[in-house]
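Visitor: I am sharing work-v8.txt, which consists of compact mmCIF, C-alpha atoms:
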```
# COMPACT_ATOMS: atom_id res chain seq x y z
CA MET A 1 98.20 -73.76 -9.89
CA ASN A 2 97.21 -70.14 -9.48
CA GLY A 3 97.21 -68.36 -12.82
CA GLY A 4 98.94 -69.46 -16.01
CA ALA A 5 99.36 -73.18 -15.38
CA PRO A 6 102.32 -74.64 -17.30
CA ARG A 7 101.55 -76.66 -20.41
CA ALA A 8 103.62 -79.47 -21.90
CA VAL A 9 105.00 -79.25 -25.46
CA PRO A 10 107.89 -81.00 -27.21
CA ALA A 11 111.35 -79.59 -26.40
CA PRO A 12 113.77 -78.89 -29.27
CA ARG A 13 117.54 -79.20 -29.48
CA ASP A 14 120.13 -81.38 -27.87
CA PRO A 15 119.73 -81.01 -24.09
CA ASP A 16 123.47 -80.49 -23.63
CA ALA A 17 123.40 -77.55 -26.04
CA THR A 18 120.32 -75.82 -24.63
CA VAL A 19 121.05 -72.29 -23.34
CA LEU A 20 118.72 -70.77 -20.76
CA LEU A 21 118.52 -67.33 -19.23
CA ALA A 22 117.21 -67.60 -15.66
CA VAL A 23 115.79 -64.85 -13.45
CA GLU A 24 115.40 -65.05 -9.66
CA THR A 25 113.61 -62.42 -7.52
CA SER A 26 111.80 -64.45 -4.84
CA CYS A 27 113.13 -62.52 -1.84
CA ASP A 28 115.97 -59.99 -1.54
CA GLU A 29 118.44 -61.02 -4.24
CA THR A 30 118.03 -59.90 -7.85
CA ALA A 31 119.80 -62.56 -9.87
CA ALA A 32 120.25 -63.62 -13.48
CA ALA A 33 122.29 -66.43 -15.01
CA VAL A 34 123.01 -67.91 -18.39
CA VAL A 35 123.56 -71.67 -18.30
CA ARG A 36 124.19 -74.21 -21.06
CA GLY A 37 123.11 -77.83 -20.76
CA GLY A 38 121.71 -77.32 -17.26
CA ARG A 39 125.20 -77.25 -15.75
CA GLU A 40 127.72 -75.14 -17.68
CA VAL A 41 127.58 -71.66 -16.12
CA LEU A 42 128.24 -68.96 -18.71
CA ALA A 43 127.22 -66.05 -16.48
CA ASP A 44 126.11 -65.65 -12.88
CA VAL A 45 125.10 -62.21 -11.59
CA VAL A 46 123.58 -61.37 -8.20
CA ALA A 47 122.63 -57.90 -6.94
CA SER A 48 122.40 -58.16 -3.15
CA GLN A 49 120.06 -56.06 -1.04
CA VAL A 50 121.72 -56.85 2.30
CA ASP A 51 122.74 -53.25 2.95
CA LEU A 52 119.19 -52.01 2.28
CA HIS A 53 117.62 -54.34 4.84
CA ALA A 54 120.37 -54.38 7.49
CA ALA A 55 118.95 -51.38 9.35
CA TYR A 56 115.66 -53.24 9.83
CA GLY A 57 117.13 -56.56 10.95
CA GLY A 58 115.36 -58.46 8.18
CA VAL A 59 113.84 -58.22 4.73
CA VAL A 60 111.27 -55.45 4.21
CA PRO A 61 109.03 -56.60 1.30
CA GLU A 62 108.29 -53.10 -0.03
CA ILE A 63 111.99 -52.18 -0.11
CA ALA A 64 112.84 -55.51 -1.75
CA CYS A 65 110.24 -54.95 -4.46
CA ARG A 66 111.52 -51.47 -5.34
CA ALA A 67 115.11 -52.69 -5.43
CA HIS A 68 114.17 -55.53 -7.78
CA LEU A 69 112.47 -53.04 -10.10
CA GLU A 70 115.67 -50.99 -10.29
CA SER A 71 118.03 -53.94 -10.66
CA VAL A 72 116.40 -56.63 -12.77
CA GLY A 73 117.04 -55.02 -16.17
CA PRO A 74 120.72 -54.17 -15.55
CA VAL A 75 121.36 -57.56 -13.93
CA VAL A 76 120.00 -59.42 -16.97
CA GLU A 77 121.96 -57.19 -19.35
CA ARG A 78 125.12 -57.88 -17.36
CA ALA A 79 124.49 -61.64 -17.44
CA LEU A 80 124.09 -61.66 -21.21
CA ALA A 81 127.19 -59.50 -21.63
CA ASP A 82 129.24 -61.75 -19.33
CA ALA A 83 128.12 -64.79 -21.33
CA GLY A 84 128.97 -63.03 -24.60
CA LEU A 85 125.53 -63.91 -25.94
CA GLY A 86 122.46 -62.12 -27.26
CA TRP A 87 118.78 -62.90 -27.04
CA THR A 88 118.87 -64.84 -30.30
CA ASP A 89 121.37 -67.27 -28.76
CA LEU A 90 118.91 -68.35 -26.07
CA ASP A 91 116.53 -71.29 -26.16
CA ALA A 92 114.27 -70.28 -23.27
CA VAL A 93 113.75 -68.01 -20.28
CA ALA A 94 113.31 -69.61 -16.86
CA VAL A 95 111.92 -67.64 -13.93
CA THR A 96 111.05 -68.26 -10.30
CA GLN A 97 107.26 -68.38 -9.98
CA GLY A 98 107.16 -69.13 -6.25
CA PRO A 99 107.22 -69.59 -3.38
CA GLY A 100 108.39 -66.22 -2.10
CA LEU A 101 107.35 -62.62 -1.49
CA VAL A 102 104.52 -61.90 -3.89
CA GLY A 103 105.70 -58.41 -4.88
CA ALA A 104 109.26 -59.55 -5.41
CA LEU A 105 108.12 -62.53 -7.47
CA LEU A 106 105.94 -60.35 -9.68
CA VAL A 107 108.90 -58.15 -10.66
CA GLY A 108 110.87 -61.12 -11.98
CA LEU A 109 107.84 -62.69 -13.60
CA SER A 110 106.85 -59.47 -15.35
CA PHE A 111 110.33 -58.99 -16.74
CA ALA A 112 110.66 -62.62 -17.85
CA LYS A 113 107.23 -62.69 -19.49
CA ALA A 114 107.91 -59.47 -21.39
CA ALA A 115 111.36 -60.68 -22.50
CA ALA A 116 110.08 -64.08 -23.60
CA TRP A 117 107.24 -62.48 -25.57
CA ALA A 118 109.45 -59.81 -27.17
CA HIS A 119 112.11 -62.31 -28.25
CA ARG A 120 109.71 -65.18 -29.03
CA LEU A 121 111.28 -67.50 -26.47
CA PRO A 122 109.59 -70.23 -24.43
CA LEU A 123 108.87 -69.28 -20.83
CA VAL A 124 109.57 -71.89 -18.13
CA PRO A 125 108.22 -71.42 -14.58
CA VAL A 126 110.37 -72.73 -11.72
CA ASN A 127 109.58 -73.63 -8.11
CA HIS A 128 112.12 -71.97 -5.81
CA LEU A 129 112.43 -75.05 -3.58
CA GLU A 130 113.06 -77.30 -6.56
CA ALA A 131 115.70 -74.81 -7.66
CA HIS A 132 117.51 -75.19 -4.32
CA LEU A 133 117.48 -78.98 -4.69
CA SER A 134 118.53 -78.67 -8.34
CA ALA A 135 121.73 -76.95 -7.21
CA ALA A 136 122.88 -80.49 -6.34
CA TYR A 137 122.85 -81.32 -10.06
CA LEU A 138 125.39 -78.55 -10.67
CA GLU A 139 127.89 -80.67 -8.72
CA GLY A 140 127.17 -83.88 -10.67
CA THR A 141 124.28 -86.30 -10.97
CA PRO A 142 123.25 -87.50 -7.50
CA ASP A 143 122.18 -91.10 -7.08
CA LEU A 144 118.45 -91.55 -6.50
CA PRO A 145 116.50 -91.91 -4.34
CA LEU A 146 117.74 -88.97 -2.31
CA VAL A 147 116.65 -87.19 0.83
CA GLY A 148 116.78 -83.43 0.44
CA LEU A 149 117.11 -81.09 3.41
CA VAL A 150 116.14 -77.60 2.26
CA VAL A 151 117.12 -75.14 4.97
CA SER A 152 117.01 -71.38 4.47
CA GLY A 153 115.62 -68.15 5.85
CA GLY A 154 112.10 -68.99 4.72
CA HIS A 155 112.05 -72.78 4.48
CA THR A 156 113.11 -75.79 6.50
CA ALA A 157 111.84 -79.11 5.13
CA LEU A 158 112.76 -82.67 4.23
CA TYR A 159 111.85 -84.28 0.92
CA LEU A 160 112.24 -87.69 -0.68
CA SER A 161 112.93 -87.77 -4.42
CA GLY A 162 113.04 -91.13 -6.19
CA VAL A 163 112.82 -89.61 -9.67
CA ARG A 164 114.04 -86.16 -10.59
CA GLY A 165 111.10 -83.78 -10.62
CA ARG A 166 108.94 -85.73 -8.16
CA TYR A 167 108.99 -85.06 -4.45
CA GLN A 168 107.38 -86.42 -1.32
CA ALA A 169 107.27 -84.12 1.70
CA LEU A 170 108.63 -85.92 4.76
CA GLY A 171 108.60 -83.07 7.29
CA GLN A 172 108.75 -79.32 7.66
CA THR A 173 109.07 -76.61 10.26
CA LEU A 174 105.95 -75.98 12.30
CA ASP A 175 106.92 -72.38 13.03
CA ASP A 176 110.18 -70.53 12.24
CA ALA A 177 112.58 -71.63 9.55
CA ALA A 178 116.12 -72.32 10.76
CA GLY A 179 117.54 -69.32 8.90
CA GLU A 180 114.89 -67.07 10.41
CA ALA A 181 115.87 -68.34 13.88
CA PHE A 182 119.51 -67.50 13.16
CA ASP A 183 118.58 -63.96 12.13
CA LYS A 184 116.31 -63.36 15.12
CA VAL A 185 118.82 -64.69 17.64
CA ALA A 186 121.55 -62.60 16.02
CA LYS A 187 119.33 -59.54 16.44
CA MET A 188 118.89 -60.37 20.15
CA LEU A 189 122.68 -60.58 20.45
CA GLY A 190 123.22 -57.28 18.67
CA LEU A 191 125.09 -58.94 15.78
CA GLY A 192 123.22 -57.31 12.91
CA TYR A 193 121.79 -58.74 9.70
CA PRO A 194 122.22 -61.24 8.13
CA GLY A 195 122.70 -63.11 11.37
CA GLY A 196 123.73 -66.57 10.23
CA VAL A 197 127.17 -65.49 9.04
CA ALA A 198 127.92 -63.62 12.28
CA ILE A 199 126.80 -66.49 14.51
CA ASP A 200 128.79 -69.02 12.48
CA ARG A 201 131.94 -66.90 12.78
CA LEU A 202 131.65 -66.34 16.53
CA ALA A 203 130.63 -69.94 17.21
CA ARG A 204 134.00 -71.15 15.96
CA GLN A 205 135.56 -69.50 19.02
CA GLY A 206 132.99 -70.83 21.49
CA ASP A 207 132.08 -73.95 23.48
CA PRO A 208 128.97 -75.59 21.97
CA GLY A 209 128.34 -77.55 25.14
CA ARG A 210 128.41 -74.73 27.67
CA PHE A 211 124.74 -73.74 27.52
CA GLY A 212 122.08 -76.44 27.34
CA PHE A 213 119.59 -75.05 24.84
CA PRO A 214 116.65 -77.34 23.95
CA ARG A 215 116.23 -79.41 20.79
CA PRO A 216 112.49 -79.02 20.09
CA LEU A 217 110.74 -82.14 18.72
CA HIS A 218 114.03 -84.02 19.05
CA ARG A 219 112.33 -87.08 20.54
CA SER A 220 109.21 -86.85 18.40
CA PRO A 221 108.92 -89.76 15.94
CA ASP A 222 107.81 -87.51 13.09
CA LEU A 223 110.14 -85.55 10.81
CA ASP A 224 108.90 -82.05 11.52
CA PHE A 225 111.02 -79.23 12.96
CA SER A 226 110.38 -76.43 15.44
CA PHE A 227 112.64 -73.51 16.30
CA SER A 228 110.40 -71.03 18.12
CA GLY A 229 110.99 -72.71 21.50
CA LEU A 230 114.74 -72.60 20.96
CA LYS A 231 114.51 -68.90 20.15
CA THR A 232 112.53 -68.33 23.36
CA ALA A 233 115.15 -70.28 25.33
CA VAL A 234 117.86 -67.95 24.04
CA ARG A 235 115.81 -64.91 25.07
CA THR A 236 115.42 -66.37 28.56
CA HIS A 237 119.14 -67.12 28.66
CA LEU A 238 119.98 -63.50 27.82
CA ALA A 239 118.11 -62.34 30.92
CA ARG A 240 121.16 -63.61 32.84
CA PHE A 241 123.09 -60.65 31.41
CA PRO A 242 121.25 -57.56 32.75
CA GLY A 243 123.83 -55.19 31.32
CA GLY A 244 122.87 -56.11 27.74
CA PRO A 245 123.87 -58.89 25.34
CA PRO A 246 126.86 -60.99 26.45
CA SER A 247 130.34 -60.32 25.17
CA GLY A 248 133.67 -62.13 24.97
CA ASN A 249 133.56 -65.83 25.82
CA ASP A 250 129.93 -65.59 26.95
CA LEU A 251 128.91 -64.33 23.51
CA ALA A 252 130.97 -66.93 21.64
CA ASP A 253 129.65 -69.74 23.83
CA THR A 254 126.06 -68.54 23.38
CA CYS A 255 126.48 -68.54 19.61
CA ALA A 256 128.14 -71.96 19.60
CA SER A 257 125.52 -73.50 21.90
CA PHE A 258 122.61 -72.07 19.90
CA GLN A 259 124.13 -73.14 16.60
CA GLU A 260 124.75 -76.65 17.92
CA ALA A 261 121.10 -76.96 18.94
CA VAL A 262 119.97 -75.98 15.43
CA VAL A 263 122.40 -78.37 13.75
CA ASP A 264 121.42 -81.20 16.11
CA SER A 265 117.75 -80.64 15.28
CA LEU A 266 118.34 -80.59 11.51
CA LEU A 267 120.59 -83.63 11.35
CA ALA A 268 118.62 -85.77 13.80
CA LYS A 269 115.62 -85.54 11.47
CA ALA A 270 117.74 -85.99 8.34
CA ARG A 271 119.29 -89.15 9.83
CA ARG A 272 115.84 -90.49 10.68
CA ALA A 273 114.63 -89.75 7.13
CA LEU A 274 117.58 -91.62 5.59
CA GLU A 275 117.08 -94.61 7.87
CA ARG A 276 113.33 -94.79 7.20
CA THR A 277 113.50 -94.36 3.43
CA GLY A 278 116.67 -96.33 2.72
CA ALA A 279 117.92 -93.48 0.52
CA ARG A 280 121.69 -93.50 0.02
CA THR A 281 122.10 -89.82 -0.89
CA LEU A 282 121.57 -86.76 1.30
CA VAL A 283 121.35 -83.31 -0.29
CA VAL A 284 121.68 -80.32 2.04
CA CYS A 285 120.83 -77.04 0.34
CA GLY A 286 119.52 -73.53 0.95
CA GLY A 287 121.24 -70.56 2.53
CA VAL A 288 121.81 -72.23 5.92
CA ALA A 289 123.77 -74.94 4.10
CA CYS A 290 126.62 -72.39 4.00
CA ASN A 291 126.98 -72.85 7.76
CA GLY A 292 130.36 -74.40 8.51
CA ARG A 293 129.23 -76.45 11.51
CA LEU A 294 126.27 -77.91 9.60
CA ARG A 295 128.55 -78.95 6.75
CA GLU A 296 131.10 -80.47 9.13
CA ARG A 297 128.51 -82.42 11.10
CA ALA A 298 126.66 -83.54 7.95
CA GLU A 299 129.89 -84.95 6.53
CA ALA A 300 130.50 -86.91 9.74
CA MET A 301 126.94 -88.25 9.75
CA ALA A 302 127.15 -89.29 6.10
CA ARG A 303 130.37 -91.21 6.79
CA ASP A 304 128.76 -92.89 9.78
CA LEU A 305 125.72 -93.97 7.74
CA GLY A 306 127.70 -94.83 4.61
CA VAL A 307 125.67 -92.45 2.43
CA THR A 308 126.73 -89.88 -0.15
CA LEU A 309 126.48 -86.25 0.94
CA VAL A 310 125.91 -83.53 -1.66
CA VAL A 311 126.16 -79.91 -0.49
CA PRO A 312 126.34 -77.32 -3.28
CA ARG A 313 129.13 -74.76 -3.11
CA PRO A 314 128.09 -71.78 -0.95
CA ARG A 315 127.34 -69.45 -3.87
CA TYR A 316 124.71 -71.89 -5.10
CA CYS A 317 123.19 -72.39 -1.64
CA THR A 318 122.12 -68.79 -1.18
CA ASP A 319 119.47 -67.46 -3.58
CA ASN A 320 120.86 -67.34 -7.12
CA ALA A 321 119.72 -67.78 -10.70
CA VAL A 322 122.09 -70.64 -11.61
CA MET A 323 119.99 -73.04 -9.54
CA VAL A 324 116.87 -71.65 -11.25
CA ALA A 325 118.49 -72.40 -14.61
CA SER A 326 119.26 -75.97 -13.50
CA ALA A 327 115.64 -76.58 -12.52
CA GLY A 328 114.42 -74.69 -15.59
CA TRP A 329 116.57 -76.81 -17.90
CA PHE A 330 115.00 -79.97 -16.49
CA ARG A 331 111.47 -78.59 -16.76
CA PHE A 332 112.12 -77.24 -20.27
CA HIS A 333 113.11 -80.68 -21.52
CA ALA A 334 110.12 -82.18 -19.74
CA GLY A 335 108.03 -79.96 -22.01
CA VAL A 336 106.88 -77.41 -19.44
CA ARG A 337 105.87 -74.02 -20.82
CA ALA A 338 103.85 -71.06 -19.53
CA GLY A 339 101.99 -68.26 -21.21
CA PRO A 340 101.67 -64.51 -20.59
CA ASP A 341 99.03 -65.11 -17.90
CA LEU A 342 101.62 -66.76 -15.62
CA ASN A 343 101.13 -65.45 -12.09
CA ALA A 344 103.10 -65.53 -8.84
CA VAL A 345 102.46 -68.37 -6.40
CA PRO A 346 103.69 -67.14 -2.98
CA THR A 347 102.86 -70.51 -1.38
CA TRP A 348 103.68 -73.43 -3.67
CA PRO A 349 104.36 -76.78 -1.98
CA LEU A 350 107.10 -78.68 -3.74
CA GLU A 351 105.19 -81.96 -3.60
CA ARG A 352 102.46 -80.47 -5.78
CA LEU A 353 104.74 -80.17 -8.78
CA ASP A 354 103.93 -82.41 -11.69
CA GLY A 355 106.61 -85.01 -12.39
```
As structure tokens, please, write out the structure in this file.
Guide:
Amino acid sequence: MNGGAPRAVPAPRDPDATVLLAVETSCDETAAAVVRGGREVLADVVASQVDLHAAYGGVVPEIACRAHLESVGPVVERALADAGLGWTDLDAVAVTQGPGLVGALLVGLSFAKAAAWAHRLPLVPVNHLEAHLSAAYLEGTPDLPLVGLVVSGGHTALYLSGVRGRYQALGQTLDDAAGEAFDKVAKMLGLGYPGGVAIDRLARQGDPGRFGFPRPLHRSPDLDFSFSGLKTAVRTHLARFPGGPPSGNDLADTCASFQEAVVDSLLAKARRALERTGARTLVVCGGVACNGRLRERAEAMARDLGVTLVVPRPRYCTDNAVMVASAGWFRFHAGVRAGPDLNAVPTWPLERLDG
């Protein structure tokens, strides 16, 4: 790992009594949480940057970094106050090390390292993708092995986990992430940022079968995804409306048809992964897991296959620090620690984590 590799040491205290402060700054949300026992949420604070980036139609890394610098201290102070705890009540500090925007990551890491050093607390590095999957453990203890579909603005991938903390990559996007495709199509349609929420809302009023958008790699035997061709198909479709983006029923039907193509692509590969691996649990997580049509279709697929579906509540699907605390709690009790030389890892494949 790049800079400050974690080291294993014995973990103290009863796991159910362990209290962690977690910090998340991988993209455009400054978040802090205080969690006991890996599941009991004592405080959950998120400072959103949506309004700052809306004018640009997406996240601007430099703006995100400055906003994190301004927010991280007050957000952590608020989390501790909400929990009614002080630094001496904590057992460790967990922080997202990667993947993510390097400048944004460094803000959270710098704060967490300084806080851990000042208060003599262990520092636990967390992989952002493992944090998304760990949100499933906030809802209970999923049966293993599980197939995890991580689908967000920056990531779309399938993983197999037979033991908590160990992951096998089954497939990933070859170009755009699904959430990125939602945002870019929303921008084409003049719906603003973030686009996923707007498309989901309008799609409920539309006909998902009206426009025949492609399902890239749908017939491919592998488990990889592709969304750039779908995005191009939407752009070509919009040329049918020379006066500008469609409106009324045309707009709703475009949103519904595009959304259905994304959901079809995601669930076709998830179904194939479940059938190939024999896993009886499917976890769907990440920001796109808030999408109502994806949740509805995933529930129907799970019933059809006779598998258990775990989708974290929406607040824990979007970037947050509670999921970081869940992953950090597991890593803390596995003996993972980091020193003051811990560095950001903007690209950190989940399958390269130590078990």
Visitor: In the coordinate frame of the file, compute which residues have an atom within 12 Å of (109.8, -61.0, -9.8) when using only C-alpha atoms, and state them as a PyMOL selection string.
Guide: chain A and resi 22-32+61+64-73+94-114+125-126+128+342-346
Visitor: With distances taken over all atoms listed in the file, which of A:Lys269, A:Arg235, A:Arg39, A:Lys184 is nearest to A:Asp222?
Guide: A:Lys269
Visitor: Up to 12 Å from (116.5, -58.4, 6.1) in the file's coordinates: name the residues, counting only C-alpha atoms, as a PyMOL selection string.
Guide: chain A and resi 27-29+48-64+153-154+179-180+182-184+186-187+192-196
Visitor: Would you kindly return, as a PDB file with C-alpha atoms, keeping the file's coordinate frame, each protein, DNA or RNA residue with an atom no farther than 6 Å from any atom of stretch 306-314 of chain A, considering only C-alpha atoms and excluding same-chain residues fewer than 3 positions away?
Guide:
```
ATOM      1  CA  ALA A 136     122.880 -80.490  -6.340  1.00  0.00           C
ATOM      2  CA  ARG A 280     121.690 -93.500   0.020  1.00  0.00           C
ATOM      3  CA  THR A 281     122.100 -89.820  -0.890  1.00  0.00           C
ATOM      4  CA  LEU A 282     121.570 -86.760   1.300  1.00  0.00           C
ATOM      5  CA  VAL A 283     121.350 -83.310  -0.290  1.00  0.00           C
ATOM      6  CA  VAL A 284     121.680 -80.320   2.040  1.00  0.00           C
ATOM      7  CA  CYS A 290     126.620 -72.390   4.000  1.00  0.00           C
ATOM      8  CA  ALA A 302     127.150 -89.290   6.100  1.00  0.00           C
ATOM      9  CA  ARG A 303     130.370 -91.210   6.790  1.00  0.00           C
ATOM     10  CA  CYS A 317     123.190 -72.390  -1.640  1.00  0.00           C
TER      11      CYS A 317
END
```
Visitor: Contacts of stretch 162-172 of chain A at 6 Å or less, counting only C-alpha atoms, minus same-chain residues fewer than 2 places along, as a ChimeraX atom specification?
Guide: /A:144-145,156-160,223-225,351,355
Visitor: For stretch 82-93 of chain A, list every protein, DNA or RNA residue within 9 Å, evaluated using all atoms listed in the file, and leave out those in the same chain fewer than 2 positions away; present the list as a tab-separated table (two decimals) with C-alpha atoms, in the coordinates of the input.
Guide:
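Dumped to out.tsv:
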```
chain	number	residue	atom	x	y	z
A	12	PRO	CA	113.77	-78.89	-29.27
A	13	ARG	CA	117.54	-79.20	-29.48
A	18	THR	CA	120.32	-75.82	-24.63
A	19	VAL	CA	121.05	-72.29	-23.34
A	20	LEU	CA	118.72	-70.77	-20.76
A	21	LEU	CA	118.52	-67.33	-19.23
A	22	ALA	CA	117.21	-67.60	-15.66
A	23	VAL	CA	115.79	-64.85	-13.45
A	33	ALA	CA	122.29	-66.43	-15.01
A	34	VAL	CA	123.01	-67.91	-18.39
A	35	VAL	CA	123.56	-71.67	-18.30
A	41	VAL	CA	127.58	-71.66	-16.12
A	42	LEU	CA	128.24	-68.96	-18.71
A	43	ALA	CA	127.22	-66.05	-16.48
A	44	ASP	CA	126.11	-65.65	-12.88
A	45	VAL	CA	125.10	-62.21	-11.59
A	77	GLU	CA	121.96	-57.19	-19.35
A	78	ARG	CA	125.12	-57.88	-17.36
A	79	ALA	CA	124.49	-61.64	-17.44
A	80	LEU	CA	124.09	-61.66	-21.21
A	95	VAL	CA	111.92	-67.64	-13.93
A	112	ALA	CA	110.66	-62.62	-17.85
A	113	LYS	CA	107.23	-62.69	-19.49
A	115	ALA	CA	111.36	-60.68	-22.50
A	116	ALA	CA	110.08	-64.08	-23.60
A	119	HIS	CA	112.11	-62.31	-28.25
A	120	ARG	CA	109.71	-65.18	-29.03
A	121	LEU	CA	111.28	-67.50	-26.47
A	122	PRO	CA	109.59	-70.23	-24.43
A	123	LEU	CA	108.87	-69.28	-20.83
A	124	VAL	CA	109.57	-71.89	-18.13
A	125	PRO	CA	108.22	-71.42	-14.58
A	325	ALA	CA	118.49	-72.40	-14.61
A	328	GLY	CA	114.42	-74.69	-15.59
A	329	TRP	CA	116.57	-76.81	-17.90
A	332	PHE	CA	112.12	-77.24	-20.27
```
Visitor: What is the atom CA of A:Phe211-atom CA of A:Ala239 distance in Å, reported with one decimal?
Guide: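 These atoms are spaced 13.6 Å apart.
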Visitor: Nearest to A:Ala17 among A:Gly339, A:Gly38, A:Gly243, A:Gly278, with distances taken over only C-alpha atoms: which residue is it?
Guide: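 Ranked by minimum distance to A:Ala17, first place goes to A:Gly38.
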Visitor: Go through stretch 247-349 of chain A and flag each residue having an atom no more than 10 Å from stretch 226-231 of chain A; for those, report the closest pair of atoms plus their distance in Å to one decimal, using only C-alpha atoms, ordered by chain and rising number, as a Markdown table.
Guide:
```
| residue | atom | partner | partner_atom | distance |
| --- | --- | --- | --- | --- |
| A:Phe258 | CA | A:Leu230 | CA | 8.0 |
| A:Ala261 | CA | A:Leu230 | CA | 8.0 |
| A:Val262 | CA | A:Phe227 | CA | 7.8 |
| A:Ser265 | CA | A:Ser226 | CA | 8.5 |
| A:Leu266 | CA | A:Ser226 | CA | 9.8 |
```
Visitor: Between A:Thr254, A:Thr277, A:Asn320, A:Ser326, which residue has the minimum interatomic distance to A:Leu189, considering all atoms listed in the file?
Guide: A:Thr254
Visitor: In terms of the shortest atom-to-atom distance over only C-alpha atoms, which of A:Leu294, A:Ala252, A:Val150, A:Val263 is closest to A:Leu191?
Guide: A:Ala252
Visitor: A:Arg36, A:Arg240, A:Arg331, A:Arg337: which is nearest A:Leu138, counting all atoms listed in the file?
Guide: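 Between A:Arg36, A:Arg240, A:Arg331, A:Arg337, the residue approaching A:Leu138 most closely is A:Arg36.
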Visitor: Taking into account only C-alpha atoms, which residue in the set A:Leu274, A:Arg315, A:Leu267, A:Gly209 is nearest to A:Arg295?
Guide: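 When distances to A:Arg295 are compared using only C-alpha atoms, the smallest one comes from A:Leu267.
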Visitor: Just give me the gap between atom CA of A:Pro246 and atom CA of A:Asp175 in Å, one decimal is fine.
Guide: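 Separating atom CA of A:Pro246 from atom CA of A:Asp175 is a distance of 26.6 Å.
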Visitor: Give me, please, the distance in Å between atom CA of A:Thr318 and atom CA of A:Ala279, quoted to one decimal.
Guide: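 Calculated distance between atom CA of A:Thr318 and atom CA of A:Ala279 is 25.1 Å.
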